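Before any comments, here is the structure.
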Amino acid sequence: MEKCGKGIHVLMVAIKFPPHFGGAAIQASYLAAELVRRGAAVQFITDNDDRPTMQDVYNGLPVYRFSTFLKMQTKAKEAVYVFRVFWFIVTHPEYRIIHFHSIRGTESLMFPLLRLMGRKILVKLTLVDNDDPMTLRRRKLGRFFRWGLSFVNHFTAISRRLCELASEAKIPAQRVSLITNGVETNRFLRPSAEERYTLRDRLELPQDAILFLCVGKIEPRKGYDFLLQAWQHIQSLVYRPVLVIAGPGNTPENPFYQKLTTTIRELQLKRVRFTGQVETVETYMRSADCFLFCSRQEGFGTVLIEAMASGVPVVARHILHVTEDILIEPTLSKTYWGD
């Protein structure tokens, strides 16, 4: 369907939104832009932590960033977040479709009231063992979360595993759709030899090195500690290897990053570079010789298809019904099942 129809107002709720790094919010912005192109009106609301409440615009999309008064995640902050979301919905009756891009669980407590108000609720499941229905049911208020989720009109899941977990939670199959993440093929595409040379020169990467790339936030679930253990062996087997880890979190305040730098010193690892957050990750993709995916936990793994669209061979750590659904051609990729 080319047009959504004028008059359709969609409110998209994202726990975090750019410039905060997060795959779910980035995918949400792609969807919102397409809905706007087809005639819908879309508004984002998101947590602005301890910063003031403000109305913002991101890539042409209106974003209402509300203060929850705290930077650190606490139960009090979560309660404030849910109240602010609910109050925004109450005071903006024009938004008839409420699309939640991942939830922590407490959001589900407002779903019965939203249905009484005539709102349609769409929830996107994004991360196994985090926002899937089975994980939410195991939490302290899981019985209430389960009740709240029964009022959701429809779920979308970005991987087969998330669909399976929804089924295990007794959510009817007709209320769950598998919609995997997409990739911008005009950004992620195979470079020519000349383009690759130019990109490496721009990024100050050695032309004669074998470049291994990882992309993602510096946090434990991304498995960078596992990667550095493997790098000890890779650097002894490959001629002039360089490891580039592109993603936010390489700061002294991040204890996991400090652990990684300690490992690098203790193992005397060479040629490891942390870039911090990058807005043009496609330039690194198109410069790489091999993409390494070492995550312990993912909902889909969009970076895998971005790497393959860029013509980069992929080596991935196995995640049940995630990596094997993406890496299906053995001549182009390899999935490792163990540590």
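Ordering of the structure tokens sets the chain letters (A, B, ...); residue numbers start at 1 within each chain; ligands are numbered from 1 in the order shown.
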
task = Run DSSP on the backbone and grab whatever in stretch 166-311 of chain A lands in helix (DSSP H, G or I); send it over as a PyMOL selection string.
result = chain A and resi 166-168+173-175+193-202+220-222+224-237+255-266+281-285+302-309

query = Leaving out A:Trp87 and any residue of its chain fewer than 6 positions from it, which residues lie within 12 Å of it when counting only C-alpha atoms, given as a count of residues only?
reply = 8

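Closest approach to A:Ile210 among A:Tyr239, A:Phe226, A:Phe83, A:Phe188: A:Tyr239, based on only C-alpha atoms.
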
Spatial neighbours of stretch 299-312 of chain A, 8 Å, only C-alpha atoms, chain gap at least 5 places, as a compact mmCIF listing (two decimals) with N, CA and C atoms, in the first residue's frame:
# COMPACT_ATOMS: atom_id res chain seq x y z
N GLY A 23 20.00 0.34 18.34
CA GLY A 23 19.49 -0.19 17.08
C GLY A 23 17.98 -0.07 16.94
N LEU A 125 9.08 -6.35 19.64
CA LEU A 125 10.00 -7.16 20.45
C LEU A 125 11.38 -7.10 19.80
N THR A 126 12.39 -6.68 20.57
CA THR A 126 13.67 -6.35 19.96
C THR A 126 14.87 -7.13 20.47
N LEU A 127 14.77 -7.72 21.68
CA LEU A 127 15.97 -8.31 22.27
C LEU A 127 15.63 -9.54 23.09
N VAL A 128 16.17 -10.69 22.69
CA VAL A 128 15.97 -11.94 23.42
C VAL A 128 16.52 -11.80 24.84
N ILE A 158 11.48 -9.17 15.57
CA ILE A 158 12.51 -8.99 14.54
C ILE A 158 13.30 -10.25 14.26
N SER A 159 13.00 -11.35 14.98
CA SER A 159 13.68 -12.62 14.69
C SER A 159 12.75 -13.78 15.00
N ARG A 161 13.40 -16.33 16.80
CA ARG A 161 13.49 -16.68 18.22
C ARG A 161 12.50 -15.86 19.05
N LEU A 162 12.35 -14.58 18.75
CA LEU A 162 11.40 -13.75 19.48
C LEU A 162 9.96 -14.21 19.22
N THR A 180 11.65 -8.64 10.09
CA THR A 180 13.07 -8.44 10.39
C THR A 180 13.49 -7.01 10.07
N ASN A 181 14.60 -6.60 10.65
CA ASN A 181 15.14 -5.28 10.37
C ASN A 181 15.65 -5.21 8.95
N GLY A 182 15.63 -4.00 8.41
CA GLY A 182 16.11 -3.79 7.06
C GLY A 182 17.47 -3.11 7.05
N VAL A 183 17.98 -2.91 5.86
CA VAL A 183 19.28 -2.26 5.70
C VAL A 183 19.18 -1.23 4.58
N GLU A 184 19.83 -0.11 4.75
CA GLU A 184 19.83 0.94 3.73
C GLU A 184 20.87 0.58 2.66
N THR A 185 20.39 -0.02 1.59
CA THR A 185 21.33 -0.50 0.56
C THR A 185 21.96 0.62 -0.23
N PHE A 188 24.95 1.00 2.54
CA PHE A 188 25.79 -0.17 2.73
C PHE A 188 25.86 -0.95 1.41
N LEU A 189 26.93 -0.75 0.70
CA LEU A 189 27.10 -1.38 -0.60
C LEU A 189 28.58 -1.67 -0.83
N ARG A 190 28.83 -2.62 -1.72
CA ARG A 190 30.20 -3.06 -1.98
C ARG A 190 31.00 -1.94 -2.65
N PRO A 191 32.18 -1.60 -2.12
CA PRO A 191 32.98 -0.53 -2.71
C PRO A 191 33.86 -1.05 -3.84
N VAL A 215 31.08 -3.65 15.37
CA VAL A 215 30.26 -2.45 15.53
C VAL A 215 29.26 -2.69 16.65
N GLU A 282 29.01 3.09 7.78
CA GLU A 282 29.18 2.44 6.47
C GLU A 282 30.58 2.66 5.90
N MET A 285 32.52 -0.14 7.38
CA MET A 285 32.10 -1.40 6.77
C MET A 285 32.77 -1.59 5.41
N ARG A 286 32.79 -0.54 4.63
CA ARG A 286 33.30 -0.63 3.25
C ARG A 286 34.83 -0.64 3.21
N ALA A 288 36.52 -2.59 5.54
CA ALA A 288 36.92 -3.78 6.29
C ALA A 288 37.19 -4.98 5.38
N ASP A 289 38.03 -5.89 5.89
CA ASP A 289 38.28 -7.18 5.22
C ASP A 289 37.43 -8.29 5.83
N CYS A 290 37.06 -8.14 7.11
CA CYS A 290 36.28 -9.17 7.79
C CYS A 290 35.48 -8.53 8.91
N PHE A 291 34.22 -8.94 9.05
CA PHE A 291 33.38 -8.43 10.12
C PHE A 291 33.24 -9.50 11.19
N PHE A 293 31.33 -10.70 14.67
CA PHE A 293 30.11 -10.52 15.45
C PHE A 293 30.20 -11.44 16.66
N VAL A 322 18.95 -16.70 15.57
CA VAL A 322 19.28 -15.33 15.18
C VAL A 322 20.36 -15.37 14.11
N THR A 323 21.57 -15.79 14.49
CA THR A 323 22.64 -15.78 13.50
C THR A 323 22.42 -16.79 12.38
N ILE A 326 20.32 -15.60 9.52
CA ILE A 326 20.90 -14.55 8.68
C ILE A 326 22.04 -15.10 7.85

Shell around A:Gly249 at 9 Å using only C-alpha atoms, local window under 2 positions removed, as an mmCIF file with C-alpha atoms, in the first residue's frame:
data_model
loop_
_atom_site.group_PDB
_atom_site.id
_atom_site.type_symbol
_atom_site.label_atom_id
_atom_site.label_comp_id
_atom_site.auth_asym_id
_atom_site.auth_seq_id
_atom_site.Cartn_x
_atom_site.Cartn_y
_atom_site.Cartn_z
ATOM 1 C CA LYS A 217 28.040 -0.209 22.054
ATOM 2 C CA ILE A 218 30.805 -1.078 24.518
ATOM 3 C CA GLU A 219 28.809 -3.253 26.931
ATOM 4 C CA GLY A 247 30.603 2.184 18.946
ATOM 5 C CA THR A 251 35.019 6.305 28.249
ATOM 6 C CA PRO A 252 36.699 6.150 31.684
ATOM 7 C CA GLU A 253 33.232 6.088 33.298
ATOM 8 C CA ASN A 254 32.438 2.741 31.661
ATOM 9 C CA PHE A 256 33.426 -2.646 31.059
ATOM 10 C CA TYR A 257 35.631 -0.487 28.828
ATOM 11 C CA GLY A 276 33.739 5.804 19.834
ATOM 12 C CA GLN A 277 30.339 6.487 18.313
#

message = Can you pull out every residue from stretch 127-226 of chain A that DSSP, working from the backbone, puts in strand (DSSP E), and format the result as a ChimeraX atom specification?
response = /A:154-157,176-178,210-215

Export N, CA and C atoms of the chosen residues as a PDB file, in the first residue's frame?
ATOM      1  N   HIS A 154      -1.219  -5.886  18.629  1.00  0.00           N
ATOM      2  CA  HIS A 154      -0.345  -6.693  17.778  1.00  0.00           C
ATOM      3  C   HIS A 154       1.112  -6.511  18.202  1.00  0.00           C
ATOM      4  N   PHE A 155       1.856  -7.607  18.057  1.00  0.00           N
ATOM      5  CA  PHE A 155       3.297  -7.594  18.309  1.00  0.00           C
ATOM      6  C   PHE A 155       4.029  -7.778  16.988  1.00  0.00           C
ATOM      7  N   THR A 156       5.173  -7.127  16.868  1.00  0.00           N
ATOM      8  CA  THR A 156       6.100  -7.450  15.791  1.00  0.00           C
ATOM      9  C   THR A 156       7.389  -7.952  16.425  1.00  0.00           C
ATOM     10  N   ALA A 157       7.970  -8.967  15.821  1.00  0.00           N
ATOM     11  CA  ALA A 157       9.212  -9.555  16.325  1.00  0.00           C
ATOM     12  C   ALA A 157      10.249  -9.503  15.221  1.00  0.00           C
ATOM     13  N   VAL A 176       1.079 -11.938  16.333  1.00  0.00           N
ATOM     14  CA  VAL A 176       2.531 -11.753  16.245  1.00  0.00           C
ATOM     15  C   VAL A 176       2.960 -11.846  14.777  1.00  0.00           C
ATOM     16  N   SER A 177       3.718 -10.866  14.324  1.00  0.00           N
ATOM     17  CA  SER A 177       4.251 -10.877  12.956  1.00  0.00           C
ATOM     18  C   SER A 177       5.770 -10.802  12.998  1.00  0.00           C
ATOM     19  N   LEU A 178       6.400 -11.628  12.180  1.00  0.00           N
ATOM     20  CA  LEU A 178       7.854 -11.580  12.035  1.00  0.00           C
ATOM     21  C   LEU A 178       8.206 -10.539  10.983  1.00  0.00           C
ATOM     22  N   ILE A 210      45.174  -6.137   7.279  1.00  0.00           N
ATOM     23  CA  ILE A 210      43.939  -6.916   7.239  1.00  0.00           C
ATOM     24  C   ILE A 210      43.042  -6.359   8.333  1.00  0.00           C
ATOM     25  N   LEU A 211      41.970  -5.702   7.918  1.00  0.00           N
ATOM     26  CA  LEU A 211      41.142  -4.950   8.851  1.00  0.00           C
ATOM     27  C   LEU A 211      39.948  -5.779   9.317  1.00  0.00           C
ATOM     28  N   PHE A 212      39.885  -6.038  10.625  1.00  0.00           N
ATOM     29  CA  PHE A 212      38.752  -6.708  11.259  1.00  0.00           C
ATOM     30  C   PHE A 212      37.906  -5.647  11.952  1.00  0.00           C
ATOM     31  N   LEU A 213      36.595  -5.746  11.777  1.00  0.00           N
ATOM     32  CA  LEU A 213      35.697  -4.711  12.289  1.00  0.00           C
ATOM     33  C   LEU A 213      34.615  -5.302  13.181  1.00  0.00           C
ATOM     34  N   CYS A 214      34.324  -4.615  14.293  1.00  0.00           N
ATOM     35  CA  CYS A 214      33.156  -4.875  15.141  1.00  0.00           C
ATOM     36  C   CYS A 214      32.403  -3.567  15.304  1.00  0.00           C
ATOM     37  N   VAL A 215      31.082  -3.651  15.369  1.00  0.00           N
ATOM     38  CA  VAL A 215      30.260  -2.449  15.529  1.00  0.00           C
ATOM     39  C   VAL A 215      29.259  -2.688  16.648  1.00  0.00           C
TER      40      VAL A 215
END

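Closest approach to A:Pro133 among A:Met72, A:Ile121, A:Val152, A:Leu165 is made by A:Leu165 (distances from only C-alpha atoms).
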
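Minimum distance to A:Leu227 across A:Arg317, A:Arg96, A:His9, A:Arg187 (counting only C-alpha atoms) occurs at A:Arg317.
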
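Distance-wise, atom CA of A:Arg139 and atom CA of A:Val82 end up 17.0 Å apart.
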
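Restricting the calculation to only C-alpha atoms, the smallest distance between A:Gln174 and any of A:Val278, A:Asn153, A:Arg38, A:Pro220 is found for A:Asn153.
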
key: 12 Å contact set for A:Val57, only C-alpha atoms, chain neighbours under 3 positions out, as an MDAnalysis selection string   = chainID A and resid 17:19 29 42:45 54 60:65

With N, CA and C atoms retained, write the just-selected residues as an mmCIF file, in the first residue's frame.
data_model
loop_
_atom_site.group_PDB
_atom_site.id
_atom_site.type_symbol
_atom_site.label_atom_id
_atom_site.label_comp_id
_atom_site.auth_asym_id
_atom_site.auth_seq_id
_atom_site.Cartn_x
_atom_site.Cartn_y
_atom_site.Cartn_z
ATOM 1 N N PHE A 17 16.529 7.399 22.246
ATOM 2 C CA PHE A 17 16.409 7.837 20.860
ATOM 3 C C PHE A 17 17.657 8.614 20.478
ATOM 4 N N PRO A 18 18.078 8.556 19.196
ATOM 5 C CA PRO A 18 19.267 9.302 18.777
ATOM 6 C C PRO A 18 19.200 10.758 19.231
ATOM 7 N N PRO A 19 20.361 11.316 19.667
ATOM 8 C CA PRO A 19 21.717 10.808 19.415
ATOM 9 C C PRO A 19 22.173 9.660 20.305
ATOM 10 N N SER A 29 13.233 5.115 13.556
ATOM 11 C CA SER A 29 13.305 6.357 12.779
ATOM 12 C C SER A 29 13.161 6.082 11.289
ATOM 13 N N VAL A 42 3.657 11.431 12.392
ATOM 14 C CA VAL A 42 4.374 10.626 13.382
ATOM 15 C C VAL A 42 5.053 11.542 14.386
ATOM 16 N N GLN A 43 4.910 11.194 15.652
ATOM 17 C CA GLN A 43 5.573 11.898 16.758
ATOM 18 C C GLN A 43 6.314 10.880 17.612
ATOM 19 N N PHE A 44 7.561 11.200 17.992
ATOM 20 C CA PHE A 44 8.310 10.372 18.929
ATOM 21 C C PHE A 44 8.250 10.996 20.314
ATOM 22 N N ILE A 45 8.221 10.116 21.349
ATOM 23 C CA ILE A 45 8.474 10.564 22.717
ATOM 24 C C ILE A 45 9.538 9.646 23.299
ATOM 25 N N MET A 54 12.085 18.907 26.525
ATOM 26 C CA MET A 54 12.220 19.758 25.347
ATOM 27 C C MET A 54 11.558 19.113 24.144
ATOM 28 N N GLY A 60 14.123 15.524 10.602
ATOM 29 C CA GLY A 60 12.806 15.946 10.152
ATOM 30 C C GLY A 60 11.645 15.383 10.948
ATOM 31 N N LEU A 61 11.928 14.553 11.978
ATOM 32 C CA LEU A 61 10.889 13.916 12.782
ATOM 33 C C LEU A 61 10.757 14.632 14.131
ATOM 34 N N PRO A 62 9.536 15.001 14.547
ATOM 35 C CA PRO A 62 9.365 15.653 15.853
ATOM 36 C C PRO A 62 9.615 14.672 16.995
ATOM 37 N N VAL A 63 10.380 15.105 17.991
ATOM 38 C CA VAL A 63 10.732 14.264 19.133
ATOM 39 C C VAL A 63 10.487 15.061 20.411
ATOM 40 N N TYR A 64 9.618 14.530 21.264
ATOM 41 C CA TYR A 64 9.383 15.135 22.568
ATOM 42 C C TYR A 64 10.226 14.376 23.585
ATOM 43 N N ARG A 65 11.221 15.047 24.150
ATOM 44 C CA ARG A 65 12.143 14.442 25.109
ATOM 45 C C ARG A 65 11.770 14.943 26.507
#

key: Contacts of A:Leu205 within 12 Å, only C-alpha atoms, excl. fewer than 2 positions in-chain, as a VMD selection string   = chain A and resid 196 to 203 207 to 213 240 to 244 271 to 273 275 283 to 284 287 to 288

query = For A:Ala76, which of A:Asn59, A:Thr106, A:Gln229, A:Asn48 is the closest residue, counting only C-alpha atoms?
reply = A:Thr106
